[in-house]
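Notes for the one structure printed next.
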Amino acid sequence: MTAPVKKLRLATAWLGGCSGCHMSLLDLGERLVELAGAIELVYGPLVDAKEFPAGVDVALIEGAVANIDNLELIQQIRERSRIVVSLGDCAVTGNVTSLRNFFTVDDLLTAVYHAGPGSAPHGADAVRELPALLPRVLPLHQVVPVDGFIPGCPPDPERIWTALAALLRGEPVQLSEEQRTFG
């Protein structure tokens with residue numbers, strides 16, 4: 001009797017971003033069937049897990065670190081994952097999410113809530129409703145060590161598949177020059 005093949009424990013997470021990278025991951029189409037046979041998806045928007053698990057082999061992280069919740073989650077992910085990969089331009093560079101870095105947090109909240117359609121929650125209400133914004137939005141590698149990068153906004157499915165196929169073979173993420181371009 002042959003020993004069962006150990007599946008790669010894969011997690012994904014969505015920090016400060018738009019979820020376009022996860023949509024691009026789903027655009028792998030038929031390759032998702034091949035991927036499903038090789039991984040155990042243990043955390044992500046498509047998994048009903050409330051806490052990031054221990055013993056993750058590979059974590060694909062979309063989005064930049066924009067608030068306290070993002071910061072706590074990425075630190076937990078790094079602690080519990082063997083390999084952490086920045087998925088998409090927000091995770092790699094901060095991209096669109098980091099446009100708010102041109103404003104202070106107070107100026108941003110004033111512009112959005114006082115000049116906008118509502119008013120900013122204050123005191124205990126703010127803590128319950130909104131995670132505290134960090135002074136600056138940061139790409140992942142400025143917060144935790146990152147083992148690989150998959151650029152693109154969002155990365156095209158072929159780029160994601162190239163990275164995943166390497167990881168499934170136990171190799172580092174090494175994209176061709178064409179696949180390392182941004183945008």
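Convention: chains lettered A, B, ... in structure tokens order; per-chain residue numbering from 1; ligands numbered from 1 as shown.
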
Problem set entry | Long-range neighbours of segment 48-62 of chain A as JSON, numbers by chain, 9 Å cut-off, only C-alpha atoms, 6 positions minimum in chain | {"A": [8, 9, 10, 11, 12, 13, 14, 15, 16, 17, 18, 19, 20, 21, 22, 42, 73, 74, 76, 77, 78, 79, 80, 81, 82, 83, 84, 85, 86, 87, 88, 89, 90, 91, 92, 140, 167]}

Could you write out that same residue set with C-alpha atoms as a compact mmCIF listing (two decimals), in the first residue's frame?
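Just written: result.txt:
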```
# COMPACT_ATOMS: atom_id res chain seq x y z
CA LEU A 8 0.56 21.44 0.44
CA ARG A 9 -1.27 23.42 3.14
CA LEU A 10 -2.18 26.63 1.31
CA ALA A 11 -3.69 29.76 2.79
CA THR A 12 -4.71 33.03 1.17
CA ALA A 13 -5.52 36.32 2.84
CA TRP A 14 -6.92 39.65 1.75
CA LEU A 15 -5.56 42.74 3.51
CA GLY A 16 -5.97 46.35 2.26
CA GLY A 17 -6.93 45.87 -1.38
CA CYS A 18 -9.80 45.16 -3.74
CA SER A 19 -9.88 41.32 -3.95
CA GLY A 20 -8.90 41.45 -7.63
CA CYS A 21 -5.96 39.12 -6.95
CA HIS A 22 -8.30 36.49 -5.51
CA VAL A 42 -6.80 25.94 5.05
CA LEU A 73 -2.98 39.28 10.74
CA ILE A 74 0.20 39.55 8.65
CA GLN A 76 0.33 35.99 12.66
CA ILE A 77 0.56 34.70 9.07
CA ARG A 78 4.35 35.12 9.03
CA GLU A 79 4.64 33.34 12.39
CA ARG A 80 2.53 30.38 11.25
CA SER A 81 3.65 30.01 7.62
CA ARG A 82 6.77 28.48 6.12
CA ILE A 83 6.54 30.57 2.93
CA VAL A 84 4.81 33.95 2.53
CA VAL A 85 4.24 35.32 -0.98
CA SER A 86 3.10 38.86 -1.85
CA LEU A 87 0.25 38.47 -4.35
CA GLY A 88 -0.37 41.54 -6.51
CA ASP A 89 0.92 45.10 -6.67
CA CYS A 90 -0.73 46.27 -3.43
CA ALA A 91 1.11 43.56 -1.48
CA VAL A 92 4.34 44.12 -3.47
CA LEU A 140 4.16 43.37 3.04
CA LEU A 167 5.86 26.14 -5.00
```

For this session: Using only C-alpha atoms, find the one residue out of A:Glu72, A:Pro145, A:Val173, A:Ile160 that sits nearest to Leu35 of chain A.
Result: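 The shortest atom-to-atom distance to Leu35 of chain A comes from A:Ile160.
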
Exercise. Quick one: residues within 9 Å of Pro131 of chain A, only C-alpha atoms counted, chain neighbours fewer than 6 positions away excluded, as a VMD selection string?
Worked result: chain A and resid 67 to 70

Can you write out the residues you just picked, keeping all heavy atoms, as a PDB file, in the first residue's frame?
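What follows is the written file again_19.pdb:
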```
ATOM      1  N   ASN A  67      -4.147  48.876   8.238  1.00  0.00           N
ATOM      2  CA  ASN A  67      -4.727  49.144   9.552  1.00  0.00           C
ATOM      3  C   ASN A  67      -4.223  48.136  10.576  1.00  0.00           C
ATOM      4  O   ASN A  67      -3.498  47.201  10.238  1.00  0.00           O
ATOM      5  CB  ASN A  67      -6.263  49.164   9.470  1.00  0.00           C
ATOM      6  CG  ASN A  67      -6.843  47.834   9.035  1.00  0.00           C
ATOM      7  OD1 ASN A  67      -6.442  46.774   9.507  1.00  0.00           O
ATOM      8  ND2 ASN A  67      -7.799  47.878   8.114  1.00  0.00           N
ATOM      9  N   ILE A  68      -4.610  48.330  11.802  1.00  0.00           N
ATOM     10  CA  ILE A  68      -4.166  47.471  12.901  1.00  0.00           C
ATOM     11  C   ILE A  68      -4.548  46.011  12.665  1.00  0.00           C
ATOM     12  O   ILE A  68      -3.756  45.116  12.935  1.00  0.00           O
ATOM     13  CB  ILE A  68      -4.748  47.985  14.247  1.00  0.00           C
ATOM     14  CG1 ILE A  68      -4.004  49.234  14.687  1.00  0.00           C
ATOM     15  CG2 ILE A  68      -4.708  46.937  15.328  1.00  0.00           C
ATOM     16  CD1 ILE A  68      -2.548  49.028  15.043  1.00  0.00           C
ATOM     17  N   ASP A  69      -5.752  45.756  12.172  1.00  0.00           N
ATOM     18  CA  ASP A  69      -6.171  44.376  11.904  1.00  0.00           C
ATOM     19  C   ASP A  69      -5.264  43.728  10.864  1.00  0.00           C
ATOM     20  O   ASP A  69      -4.865  42.567  11.018  1.00  0.00           O
ATOM     21  CB  ASP A  69      -7.628  44.332  11.425  1.00  0.00           C
ATOM     22  CG  ASP A  69      -8.629  44.611  12.533  1.00  0.00           C
ATOM     23  OD1 ASP A  69      -8.203  44.814  13.695  1.00  0.00           O
ATOM     24  OD2 ASP A  69      -9.838  44.641  12.231  1.00  0.00           O
ATOM     25  N   ASN A  70      -4.927  44.458   9.784  1.00  0.00           N
ATOM     26  CA  ASN A  70      -4.011  43.937   8.761  1.00  0.00           C
ATOM     27  C   ASN A  70      -2.660  43.609   9.379  1.00  0.00           C
ATOM     28  O   ASN A  70      -2.055  42.574   9.077  1.00  0.00           O
ATOM     29  CB  ASN A  70      -3.774  44.949   7.649  1.00  0.00           C
ATOM     30  CG  ASN A  70      -4.984  45.311   6.824  1.00  0.00           C
ATOM     31  OD1 ASN A  70      -4.977  46.346   6.167  1.00  0.00           O
ATOM     32  ND2 ASN A  70      -6.031  44.499   6.822  1.00  0.00           N
TER      33      ASN A  70
END
```

Check segment 7-159 of chain A with DSSP on the backbone and list each residue it calls strand (DSSP E), as an mmCIF file with all heavy atoms, in the first residue's frame.
```cif
data_model
loop_
_atom_site.group_PDB
_atom_site.id
_atom_site.type_symbol
_atom_site.label_atom_id
_atom_site.label_comp_id
_atom_site.auth_asym_id
_atom_site.auth_seq_id
_atom_site.Cartn_x
_atom_site.Cartn_y
_atom_site.Cartn_z
ATOM 1 N N LEU A 8 0.042 20.147 0.012
ATOM 2 C CA LEU A 8 0.558 21.441 0.445
ATOM 3 C C LEU A 8 -0.552 22.188 1.172
ATOM 4 O O LEU A 8 -1.653 22.327 0.643
ATOM 5 C CB LEU A 8 1.000 22.233 -0.796
ATOM 6 C CG LEU A 8 1.727 23.533 -0.558
ATOM 7 C CD1 LEU A 8 3.193 23.248 -0.271
ATOM 8 C CD2 LEU A 8 1.619 24.407 -1.786
ATOM 9 N N ARG A 9 -0.280 22.634 2.381
ATOM 10 C CA ARG A 9 -1.272 23.420 3.140
ATOM 11 C C ARG A 9 -1.162 24.864 2.685
ATOM 12 O O ARG A 9 -0.193 25.554 2.982
ATOM 13 C CB ARG A 9 -1.024 23.289 4.643
ATOM 14 C CG ARG A 9 -1.403 21.907 5.170
ATOM 15 C CD ARG A 9 -1.068 21.716 6.642
ATOM 16 N NE ARG A 9 -1.504 22.779 7.518
ATOM 17 C CZ ARG A 9 -2.725 22.892 8.065
ATOM 18 N NH1 ARG A 9 -3.642 21.982 7.820
ATOM 19 N NH2 ARG A 9 -3.020 23.912 8.861
ATOM 20 N N LEU A 10 -2.163 25.311 1.924
ATOM 21 C CA LEU A 10 -2.176 26.633 1.309
ATOM 22 C C LEU A 10 -3.197 27.525 1.999
ATOM 23 O O LEU A 10 -4.311 27.094 2.307
ATOM 24 C CB LEU A 10 -2.534 26.524 -0.181
ATOM 25 C CG LEU A 10 -2.630 27.828 -0.956
ATOM 26 C CD1 LEU A 10 -1.249 28.445 -1.166
ATOM 27 C CD2 LEU A 10 -3.318 27.610 -2.296
ATOM 28 N N ALA A 11 -2.782 28.761 2.240
ATOM 29 C CA ALA A 11 -3.690 29.764 2.793
ATOM 30 C C ALA A 11 -3.612 30.995 1.900
ATOM 31 O O ALA A 11 -2.576 31.266 1.281
ATOM 32 C CB ALA A 11 -3.289 30.122 4.221
ATOM 33 N N THR A 12 -4.705 31.727 1.838
ATOM 34 C CA THR A 12 -4.708 33.031 1.173
ATOM 35 C C THR A 12 -5.314 34.024 2.153
ATOM 36 O O THR A 12 -6.084 33.648 3.040
ATOM 37 C CB THR A 12 -5.520 33.031 -0.141
ATOM 38 O OG1 THR A 12 -6.910 32.895 0.153
ATOM 39 C CG2 THR A 12 -5.064 31.924 -1.084
ATOM 40 N N ALA A 13 -4.934 35.282 2.004
ATOM 41 C CA ALA A 13 -5.522 36.319 2.844
ATOM 42 C C ALA A 13 -5.649 37.594 2.028
ATOM 43 O O ALA A 13 -4.888 37.827 1.088
ATOM 44 C CB ALA A 13 -4.678 36.556 4.098
ATOM 45 N N TRP A 14 -6.605 38.407 2.429
ATOM 46 C CA TRP A 14 -6.923 39.651 1.748
ATOM 47 C C TRP A 14 -6.801 40.767 2.762
ATOM 48 O O TRP A 14 -7.591 40.853 3.689
ATOM 49 C CB TRP A 14 -8.323 39.511 1.177
ATOM 50 C CG TRP A 14 -8.966 40.705 0.611
ATOM 51 C CD1 TRP A 14 -8.377 41.871 0.212
ATOM 52 C CD2 TRP A 14 -10.355 40.875 0.349
ATOM 53 N NE1 TRP A 14 -9.302 42.743 -0.277
ATOM 54 C CE2 TRP A 14 -10.544 42.148 -0.210
ATOM 55 C CE3 TRP A 14 -11.464 40.066 0.521
ATOM 56 C CZ2 TRP A 14 -11.781 42.627 -0.582
ATOM 57 C CZ3 TRP A 14 -12.690 40.551 0.145
ATOM 58 C CH2 TRP A 14 -12.842 41.812 -0.401
ATOM 59 N N ILE A 39 -3.360 20.520 -3.057
ATOM 60 C CA ILE A 39 -3.335 21.387 -1.865
ATOM 61 C C ILE A 39 -4.482 21.065 -0.919
ATOM 62 O O ILE A 39 -5.474 20.443 -1.293
ATOM 63 C CB ILE A 39 -3.432 22.889 -2.245
ATOM 64 C CG1 ILE A 39 -4.810 23.190 -2.860
ATOM 65 C CG2 ILE A 39 -2.288 23.312 -3.130
ATOM 66 C CD1 ILE A 39 -5.244 24.620 -2.752
ATOM 67 N N GLU A 40 -4.315 21.544 0.289
ATOM 68 C CA GLU A 40 -5.403 21.620 1.250
ATOM 69 C C GLU A 40 -5.547 23.112 1.534
ATOM 70 O O GLU A 40 -4.641 23.735 2.093
ATOM 71 C CB GLU A 40 -5.049 20.865 2.529
ATOM 72 C CG GLU A 40 -6.101 20.969 3.602
ATOM 73 C CD GLU A 40 -5.669 20.357 4.930
ATOM 74 O OE1 GLU A 40 -4.577 19.786 5.026
ATOM 75 O OE2 GLU A 40 -6.454 20.502 5.888
ATOM 76 N N LEU A 41 -6.650 23.706 1.104
ATOM 77 C CA LEU A 41 -6.894 25.130 1.328
ATOM 78 C C LEU A 41 -7.375 25.290 2.770
ATOM 79 O O LEU A 41 -8.472 24.862 3.114
ATOM 80 C CB LEU A 41 -7.924 25.665 0.344
ATOM 81 C CG LEU A 41 -8.168 27.173 0.364
ATOM 82 C CD1 LEU A 41 -6.892 27.944 0.048
ATOM 83 C CD2 LEU A 41 -9.258 27.540 -0.634
ATOM 84 N N VAL A 42 -6.523 25.914 3.616
ATOM 85 C CA VAL A 42 -6.802 25.944 5.050
ATOM 86 C C VAL A 42 -7.277 27.296 5.567
ATOM 87 O O VAL A 42 -7.738 27.400 6.701
ATOM 88 C CB VAL A 42 -5.567 25.475 5.865
ATOM 89 C CG1 VAL A 42 -5.255 24.016 5.552
ATOM 90 C CG2 VAL A 42 -4.365 26.367 5.610
ATOM 91 N N TYR A 43 -7.170 28.348 4.741
ATOM 92 C CA TYR A 43 -7.604 29.672 5.181
ATOM 93 C C TYR A 43 -7.761 30.558 3.953
ATOM 94 O O TYR A 43 -7.007 30.434 2.997
ATOM 95 C CB TYR A 43 -6.570 30.290 6.131
ATOM 96 C CG TYR A 43 -7.003 31.609 6.739
ATOM 97 C CD1 TYR A 43 -7.757 31.646 7.893
ATOM 98 C CD2 TYR A 43 -6.657 32.819 6.146
ATOM 99 C CE1 TYR A 43 -8.162 32.852 8.461
ATOM 100 C CE2 TYR A 43 -7.057 34.031 6.696
ATOM 101 C CZ TYR A 43 -7.803 34.040 7.851
ATOM 102 O OH TYR A 43 -8.206 35.226 8.397
ATOM 103 N N VAL A 56 1.054 26.253 8.187
ATOM 104 C CA VAL A 56 0.752 26.552 6.789
ATOM 105 C C VAL A 56 2.054 26.449 5.983
ATOM 106 O O VAL A 56 3.086 26.970 6.392
ATOM 107 C CB VAL A 56 0.125 27.963 6.662
ATOM 108 C CG1 VAL A 56 0.016 28.389 5.207
ATOM 109 C CG2 VAL A 56 -1.231 27.986 7.338
ATOM 110 N N ASP A 57 1.997 25.766 4.854
ATOM 111 C CA ASP A 57 3.179 25.651 3.994
ATOM 112 C C ASP A 57 3.394 26.929 3.189
ATOM 113 O O ASP A 57 4.499 27.462 3.141
ATOM 114 C CB ASP A 57 3.043 24.455 3.036
ATOM 115 C CG ASP A 57 3.045 23.132 3.767
ATOM 116 O OD1 ASP A 57 3.933 22.926 4.623
ATOM 117 O OD2 ASP A 57 2.146 22.307 3.503
ATOM 118 N N VAL A 58 2.329 27.396 2.526
ATOM 119 C CA VAL A 58 2.425 28.579 1.667
ATOM 120 C C VAL A 58 1.232 29.481 1.931
ATOM 121 O O VAL A 58 0.089 29.019 1.953
ATOM 122 C CB VAL A 58 2.448 28.195 0.169
ATOM 123 C CG1 VAL A 58 2.409 29.426 -0.715
ATOM 124 C CG2 VAL A 58 3.664 27.330 -0.163
ATOM 125 N N ALA A 59 1.528 30.783 2.115
ATOM 126 C CA ALA A 59 0.471 31.783 2.279
ATOM 127 C C ALA A 59 0.603 32.809 1.157
ATOM 128 O O ALA A 59 1.657 33.426 0.997
ATOM 129 C CB ALA A 59 0.581 32.458 3.640
ATOM 130 N N LEU A 60 -0.450 32.949 0.357
ATOM 131 C CA LEU A 60 -0.518 33.974 -0.682
ATOM 132 C C LEU A 60 -1.292 35.145 -0.109
ATOM 133 O O LEU A 60 -2.468 34.990 0.247
ATOM 134 C CB LEU A 60 -1.243 33.452 -1.926
ATOM 135 C CG LEU A 60 -0.656 32.244 -2.642
ATOM 136 C CD1 LEU A 60 -1.562 31.837 -3.804
ATOM 137 C CD2 LEU A 60 0.750 32.527 -3.129
ATOM 138 N N ILE A 61 -0.647 36.315 -0.020
ATOM 139 C CA ILE A 61 -1.265 37.446 0.652
ATOM 140 C C ILE A 61 -1.507 38.584 -0.326
ATOM 141 O O ILE A 61 -0.579 39.106 -0.934
ATOM 142 C CB ILE A 61 -0.385 37.957 1.813
ATOM 143 C CG1 ILE A 61 0.065 36.794 2.708
ATOM 144 C CG2 ILE A 61 -1.124 39.030 2.600
ATOM 145 C CD1 ILE A 61 -1.054 35.955 3.285
ATOM 146 N N GLU A 62 -2.758 38.963 -0.456
ATOM 147 C CA GLU A 62 -3.182 40.074 -1.305
ATOM 148 C C GLU A 62 -3.382 41.316 -0.449
ATOM 149 O O GLU A 62 -3.886 41.241 0.663
ATOM 150 C CB GLU A 62 -4.509 39.708 -1.975
ATOM 151 C CG GLU A 62 -5.160 40.872 -2.662
ATOM 152 C CD GLU A 62 -6.534 40.556 -3.232
ATOM 153 O OE1 GLU A 62 -6.965 39.394 -3.202
ATOM 154 O OE2 GLU A 62 -7.171 41.503 -3.715
ATOM 155 N N VAL A 65 -0.689 46.540 3.978
ATOM 156 C CA VAL A 65 -0.963 46.622 5.404
ATOM 157 C C VAL A 65 -1.418 48.052 5.687
ATOM 158 O O VAL A 65 -0.619 48.990 5.639
ATOM 159 C CB VAL A 65 0.281 46.244 6.230
ATOM 160 C CG1 VAL A 65 -0.022 46.303 7.719
ATOM 161 C CG2 VAL A 65 0.778 44.854 5.834
ATOM 162 N N ALA A 66 -2.720 48.221 5.943
ATOM 163 C CA ALA A 66 -3.311 49.553 6.040
ATOM 164 C C ALA A 66 -3.836 49.890 7.432
ATOM 165 O O ALA A 66 -3.973 51.062 7.760
ATOM 166 C CB ALA A 66 -4.454 49.683 5.031
ATOM 167 N N ASN A 67 -4.147 48.876 8.238
ATOM 168 C CA ASN A 67 -4.727 49.144 9.552
ATOM 169 C C ASN A 67 -4.223 48.136 10.576
ATOM 170 O O ASN A 67 -3.498 47.201 10.238
ATOM 171 C CB ASN A 67 -6.263 49.164 9.470
ATOM 172 C CG ASN A 67 -6.843 47.834 9.035
ATOM 173 O OD1 ASN A 67 -6.442 46.774 9.507
ATOM 174 N ND2 ASN A 67 -7.799 47.878 8.114
ATOM 175 N N SER A 81 3.484 30.476 8.994
ATOM 176 C CA SER A 81 3.650 30.007 7.615
ATOM 177 C C SER A 81 5.126 29.815 7.278
ATOM 178 O O SER A 81 5.957 30.642 7.631
ATOM 179 C CB SER A 81 3.051 31.022 6.631
ATOM 180 O OG SER A 81 1.691 31.243 6.917
ATOM 181 N N ARG A 82 5.393 28.747 6.570
ATOM 182 C CA ARG A 82 6.767 28.476 6.122
ATOM 183 C C ARG A 82 7.163 29.440 5.012
ATOM 184 O O ARG A 82 8.271 29.975 5.022
ATOM 185 C CB ARG A 82 6.855 27.024 5.641
ATOM 186 C CG ARG A 82 8.253 26.540 5.332
ATOM 187 C CD ARG A 82 8.301 25.026 5.094
ATOM 188 N NE ARG A 82 7.314 24.527 4.161
ATOM 189 C CZ ARG A 82 7.475 24.483 2.837
ATOM 190 N NH1 ARG A 82 8.568 24.918 2.276
ATOM 191 N NH2 ARG A 82 6.512 24.003 2.059
ATOM 192 N N ILE A 83 6.276 29.687 4.064
ATOM 193 C CA ILE A 83 6.536 30.567 2.927
ATOM 194 C C ILE A 83 5.417 31.591 2.826
ATOM 195 O O ILE A 83 4.239 31.225 2.835
ATOM 196 C CB ILE A 83 6.627 29.765 1.602
ATOM 197 C CG1 ILE A 83 7.821 28.802 1.648
ATOM 198 C CG2 ILE A 83 6.713 30.685 0.395
ATOM 199 C CD1 ILE A 83 7.841 27.808 0.499
ATOM 200 N N VAL A 84 5.788 32.871 2.717
ATOM 201 C CA VAL A 84 4.812 33.951 2.531
ATOM 202 C C VAL A 84 5.118 34.613 1.196
ATOM 203 O O VAL A 84 6.260 34.999 0.929
ATOM 204 C CB VAL A 84 4.883 34.988 3.672
ATOM 205 C CG1 VAL A 84 3.980 36.181 3.382
ATOM 206 C CG2 VAL A 84 4.496 34.339 4.998
ATOM 207 N N VAL A 85 4.089 34.737 0.356
ATOM 208 C CA VAL A 85 4.236 35.316 -0.980
ATOM 209 C C VAL A 85 3.319 36.527 -1.105
ATOM 210 O O VAL A 85 2.126 36.445 -0.810
ATOM 211 C CB VAL A 85 3.892 34.280 -2.075
ATOM 212 C CG1 VAL A 85 3.978 34.898 -3.460
ATOM 213 C CG2 VAL A 85 4.813 33.058 -1.970
ATOM 214 N N SER A 86 3.884 37.656 -1.551
ATOM 215 C CA SER A 86 3.097 38.862 -1.849
ATOM 216 C C SER A 86 2.391 38.646 -3.175
ATOM 217 O O SER A 86 3.042 38.445 -4.201
ATOM 218 C CB SER A 86 4.018 40.082 -1.955
ATOM 219 O OG SER A 86 4.552 40.420 -0.706
ATOM 220 N N LEU A 87 1.071 38.710 -3.167
ATOM 221 C CA LEU A 87 0.253 38.471 -4.355
ATOM 222 C C LEU A 87 -0.340 39.795 -4.828
ATOM 223 O O LEU A 87 -1.235 40.352 -4.184
ATOM 224 C CB LEU A 87 -0.868 37.469 -4.025
ATOM 225 C CG LEU A 87 -1.884 37.181 -5.126
ATOM 226 C CD1 LEU A 87 -1.210 36.542 -6.343
ATOM 227 C CD2 LEU A 87 -2.992 36.274 -4.600
ATOM 228 N N LEU A 133 -6.514 52.968 11.602
ATOM 229 C CA LEU A 133 -5.634 53.072 10.442
ATOM 230 C C LEU A 133 -4.208 53.295 10.905
ATOM 231 O O LEU A 133 -3.956 54.012 11.871
ATOM 232 C CB LEU A 133 -6.064 54.238 9.549
ATOM 233 C CG LEU A 133 -7.442 54.122 8.893
ATOM 234 C CD1 LEU A 133 -7.768 55.394 8.118
ATOM 235 C CD2 LEU A 133 -7.521 52.907 7.995
ATOM 236 N N LEU A 134 -3.257 52.670 10.203
ATOM 237 C CA LEU A 134 -1.844 52.925 10.460
ATOM 238 C C LEU A 134 -1.492 54.292 9.885
ATOM 239 O O LEU A 134 -2.155 54.759 8.948
ATOM 240 C CB LEU A 134 -0.978 51.839 9.821
ATOM 241 C CG LEU A 134 -1.182 50.423 10.357
ATOM 242 C CD1 LEU A 134 -0.344 49.433 9.557
ATOM 243 C CD2 LEU A 134 -0.846 50.345 11.833
ATOM 244 N N PRO A 135 -0.447 54.947 10.377
ATOM 245 C CA PRO A 135 -0.066 56.253 9.831
ATOM 246 C C PRO A 135 0.248 56.199 8.334
ATOM 247 O O PRO A 135 0.012 57.158 7.611
ATOM 248 C CB PRO A 135 1.183 56.636 10.626
ATOM 249 C CG PRO A 135 1.129 55.816 11.862
ATOM 250 C CD PRO A 135 0.375 54.564 11.510
ATOM 251 N N ARG A 136 0.788 55.061 7.861
ATOM 252 C CA ARG A 136 1.108 54.875 6.443
ATOM 253 C C ARG A 136 0.704 53.472 6.017
ATOM 254 O O ARG A 136 0.792 52.537 6.795
ATOM 255 C CB ARG A 136 2.608 55.049 6.196
ATOM 256 C CG ARG A 136 3.128 56.440 6.494
ATOM 257 C CD ARG A 136 4.564 56.640 6.075
ATOM 258 N NE ARG A 136 4.840 56.332 4.680
ATOM 259 C CZ ARG A 136 4.572 57.105 3.628
ATOM 260 N NH1 ARG A 136 3.983 58.263 3.817
ATOM 261 N NH2 ARG A 136 4.881 56.744 2.408
ATOM 262 N N VAL A 137 0.293 53.325 4.775
ATOM 263 C CA VAL A 137 0.038 52.014 4.189
ATOM 264 C C VAL A 137 1.388 51.445 3.762
ATOM 265 O O VAL A 137 2.203 52.153 3.157
ATOM 266 C CB VAL A 137 -0.906 52.133 2.967
ATOM 267 C CG1 VAL A 137 -1.015 50.820 2.227
ATOM 268 C CG2 VAL A 137 -2.283 52.624 3.417
ATOM 269 N N LEU A 138 1.621 50.176 4.058
ATOM 270 C CA LEU A 138 2.917 49.564 3.775
ATOM 271 C C LEU A 138 2.768 48.293 2.942
ATOM 272 O O LEU A 138 1.846 47.502 3.177
ATOM 273 C CB LEU A 138 3.618 49.197 5.090
ATOM 274 C CG LEU A 138 3.872 50.352 6.056
ATOM 275 C CD1 LEU A 138 4.284 49.814 7.418
ATOM 276 C CD2 LEU A 138 4.923 51.287 5.487
ATOM 277 N N GLY A 148 8.505 35.506 -1.631
ATOM 278 C CA GLY A 148 8.280 35.572 -3.068
ATOM 279 C C GLY A 148 7.315 36.688 -3.406
ATOM 280 O O GLY A 148 6.575 37.172 -2.543
ATOM 281 N N PHE A 149 7.353 37.095 -4.670
ATOM 282 C CA PHE A 149 6.535 38.207 -5.146
ATOM 283 C C PHE A 149 5.868 37.815 -6.454
ATOM 284 O O PHE A 149 6.528 37.307 -7.356
ATOM 285 C CB PHE A 149 7.401 39.456 -5.377
ATOM 286 C CG PHE A 149 8.115 39.930 -4.150
ATOM 287 C CD1 PHE A 149 9.358 39.434 -3.804
ATOM 288 C CD2 PHE A 149 7.525 40.880 -3.317
ATOM 289 C CE1 PHE A 149 10.016 39.864 -2.663
ATOM 290 C CE2 PHE A 149 8.171 41.324 -2.178
ATOM 291 C CZ PHE A 149 9.422 40.817 -1.853
ATOM 292 N N ILE A 150 4.565 38.092 -6.555
ATOM 293 C CA ILE A 150 3.817 37.886 -7.792
ATOM 294 C C ILE A 150 3.195 39.235 -8.141
ATOM 295 O O ILE A 150 2.115 39.577 -7.653
ATOM 296 C CB ILE A 150 2.727 36.800 -7.648
ATOM 297 C CG1 ILE A 150 3.314 35.495 -7.114
ATOM 298 C CG2 ILE A 150 2.034 36.575 -8.995
ATOM 299 C CD1 ILE A 150 2.257 34.448 -6.761
#
```

For this session: Please identify which residues in segment 27-148 of chain A DSSP calls alpha helix (DSSP H) from the backbone, and express them as a PyMOL selection string.
Result: chain A and resi 31-38+68-80+89-93+105-109+123-129

Problem set entry | Distance in Å - atom CA of Ala132 of chain A versus atom CA of Gly94 of chain A |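 For atom CA of Ala132 of chain A relative to atom CA of Gly94 of chain A, the distance reads 17.9 Å.
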
For this session: Kindly give the distance, in Å, that separates atom CA of Pro157 of chain A and atom CA of Leu26 of chain A, rounded to a single decimal.
Result: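 Taking atom CA of Pro157 of chain A as the start and atom CA of Leu26 of chain A as the end point, the length is 8.1 Å.
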
Problem set entry | Interatomic distance (Å, one decimal) between atom CA of Thr97 of chain A and atom CA of Ala64 of chain A |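 Value for the atom CA of Thr97 of chain A-atom CA of Ala64 of chain A distance: 6.7 Å.
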